[in-house]
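my_file.tsv (TSV, C-alpha atoms)
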```tsv
chain	number	residue	atom	x	y	z
A	1	MET	CA	-7.05	-5.95	-4.95
A	2	TYR	CA	-3.45	-5.52	-5.95
A	3	ASN	CA	-1.06	-2.91	-4.64
A	4	ASN	CA	2.05	-1.33	-6.05
A	5	LEU	CA	3.73	-0.47	-2.75
A	6	SER	CA	6.86	-2.54	-3.34
A	7	LYS	CA	7.30	-1.09	-6.84
A	8	ILE	CA	6.76	2.48	-5.66
A	9	LEU	CA	9.11	2.15	-2.70
A	10	GLY	CA	11.75	0.64	-4.99
A	11	GLU	CA	11.45	3.52	-7.44
A	12	LYS	CA	11.73	6.07	-4.62
A	13	LEU	CA	14.55	4.13	-2.90
A	14	LEU	CA	12.51	3.87	0.30
A	15	LYS	CA	11.98	1.05	2.78
A	16	VAL	CA	8.95	-0.07	4.76
A	17	SER	CA	10.73	1.25	7.86
A	18	ASP	CA	10.85	4.74	6.27
A	19	VAL	CA	7.08	4.70	5.74
A	20	HIS	CA	6.59	3.40	9.29
A	21	ALA	CA	8.77	6.13	10.81
A	22	GLU	CA	7.08	8.95	8.90
A	23	THR	CA	3.45	7.81	9.10
A	24	GLY	CA	3.28	6.04	12.45
A	25	LEU	CA	1.59	3.08	10.79
A	26	SER	CA	2.35	-0.33	12.22
A	27	LYS	CA	5.39	-1.99	10.67
A	28	ALA	CA	3.48	-5.29	10.66
A	29	THR	CA	0.59	-3.71	8.73
A	30	LEU	CA	2.93	-2.13	6.21
A	31	THR	CA	4.94	-5.33	5.75
A	32	SER	CA	1.80	-7.38	5.22
A	33	PHE	CA	0.55	-4.84	2.66
A	34	TYR	CA	3.98	-4.72	0.97
A	35	TYR	CA	3.98	-8.49	0.45
A	36	GLN	CA	0.35	-8.51	-0.79
A	37	LYS	CA	-0.82	-10.54	2.21
A	38	SER	CA	-3.45	-8.03	3.35
A	39	SER	CA	-6.94	-8.40	2.02
A	40	ASP	CA	-8.64	-5.83	4.27
A	41	VAL	CA	-6.76	-2.53	4.56
A	42	LYS	CA	-8.39	0.52	6.11
A	43	LEU	CA	-8.95	3.51	3.87
A	44	SER	CA	-7.26	5.72	6.48
A	45	THR	CA	-4.13	3.55	6.17
A	46	LEU	CA	-4.12	3.86	2.40
A	47	ILE	CA	-4.56	7.62	2.66
A	48	LYS	CA	-1.60	7.95	5.05
A	49	ILE	CA	0.59	5.95	2.67
A	50	CYS	CA	-0.54	8.04	-0.32
A	51	ASP	CA	0.01	11.31	1.54
A	52	TYR	CA	3.51	10.27	2.55
A	53	LEU	CA	4.43	9.08	-0.95
A	54	GLN	CA	2.62	12.01	-2.60
A	55	ILE	CA	0.72	9.75	-4.99
A	56	PRO	CA	-2.96	9.29	-5.86
A	57	LEU	CA	-4.75	6.26	-4.44
A	58	SER	CA	-5.21	4.90	-7.96
A	59	GLU	CA	-1.43	4.63	-8.29
A	60	LEU	CA	-1.13	2.63	-5.06
A	61	ILE	CA	-3.92	0.09	-5.50
A	62	GLU	CA	-5.72	-1.60	-8.35
A	63	TYR	CA	-8.99	-3.44	-8.08
A	64	VAL	CA	-9.99	-5.93	-10.73
A	65	PRO	CA	-13.59	-7.12	-10.34
A	66	LYS	CA	-14.26	-10.86	-10.27
A	67	GLN	CA	-15.72	-12.20	-13.48
A	68	LYS	CA	-19.36	-13.21	-13.32
A	69	GLY	CA	-19.77	-16.93	-12.84
A	70	ALA	CA	-16.24	-17.37	-11.51
```

Show me the file's structure as structure tokens.
Amino acid sequence: MYNNLSKILGEKLLKVSDVHAETGLSKATLTSFYYQKSSDVKLSTLIKICDYLQIPLSELIEYVPKQKGA
């Protein structure tokens, strides 16, 4: 799973601390997600981020299935 949080925040001139302040999500969780270090993010967290940024979930994350046999 890949996420576009850093790109989206850059385009909107926002910081992780802005998302933290407005959503109440943990700064550590957001930072880990921002730097693509999270592999297991709750759906409720993704929804809060999407609601704050006013974007669809499909714009925030991208899932590319593993190739068979890989």

* From A:Leu53, A:Ile61, A:Leu13, A:Ile8, residue lying nearest Val41 in chain A [all atoms listed in the file] ->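 Among the listed residues, A:Ile61 lies closest to Val41 in chain A.
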
* Compare A:Gln54, A:Glu22, A:Lys48, A:Gln36 by their minimum atom-to-atom distance to Asn3 in chain A, counting only C-alpha atoms, and give me the closest one. =>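 The closest residue to Asn3 in chain A is A:Gln36.
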
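Counting from CA of Ser39 in chain A, the distance to CA of His20 in chain A is 19.4 Å.
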
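When all atoms listed in the file are used to measure the gap to Lys27 in chain A, the shortest distance among A:Lys15, A:Lys68, A:Lys7, A:Lys42 belongs to A:Lys15.
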
* Name all residues at most 12 Å from Ala28 in chain A (count only C-alpha atoms; drop same-chain ones fewer than 4 positions away) and give them as a list in words. =>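 Selected residues are Val16, Ser17, Val19, His20, Gly24, Ser32, Phe33, Tyr34, Tyr35, Lys37 and Ser38 of chain A.
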
* Structure fact -> re CA of Tyr63 in chain A and CA of Met1 in chain A: distance 4.5 Å

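Between CA of Leu30 in chain A and CA of Gly10 in chain A lies a distance of 14.5 Å.
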
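Ranking A:Thr23, A:Asn4, A:Ser44, A:Thr29 by their shortest atom-to-atom distance to Glu62 in chain A, with all atoms listed in the file included, puts A:Asn4 first.
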
* **Nearest-residue call for Leu43 in chain A, choices A:Ser6, A:Thr31, A:Leu57, A:Pro65, using only C-alpha atoms** => A:Leu57

* Given only C-alpha atoms as the counted atoms, nearest of A:Leu9, A:Tyr52, A:Tyr2, A:Lys66 to Leu25 in chain A ->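 The shortest atom-to-atom distance to Leu25 in chain A comes from A:Tyr52.
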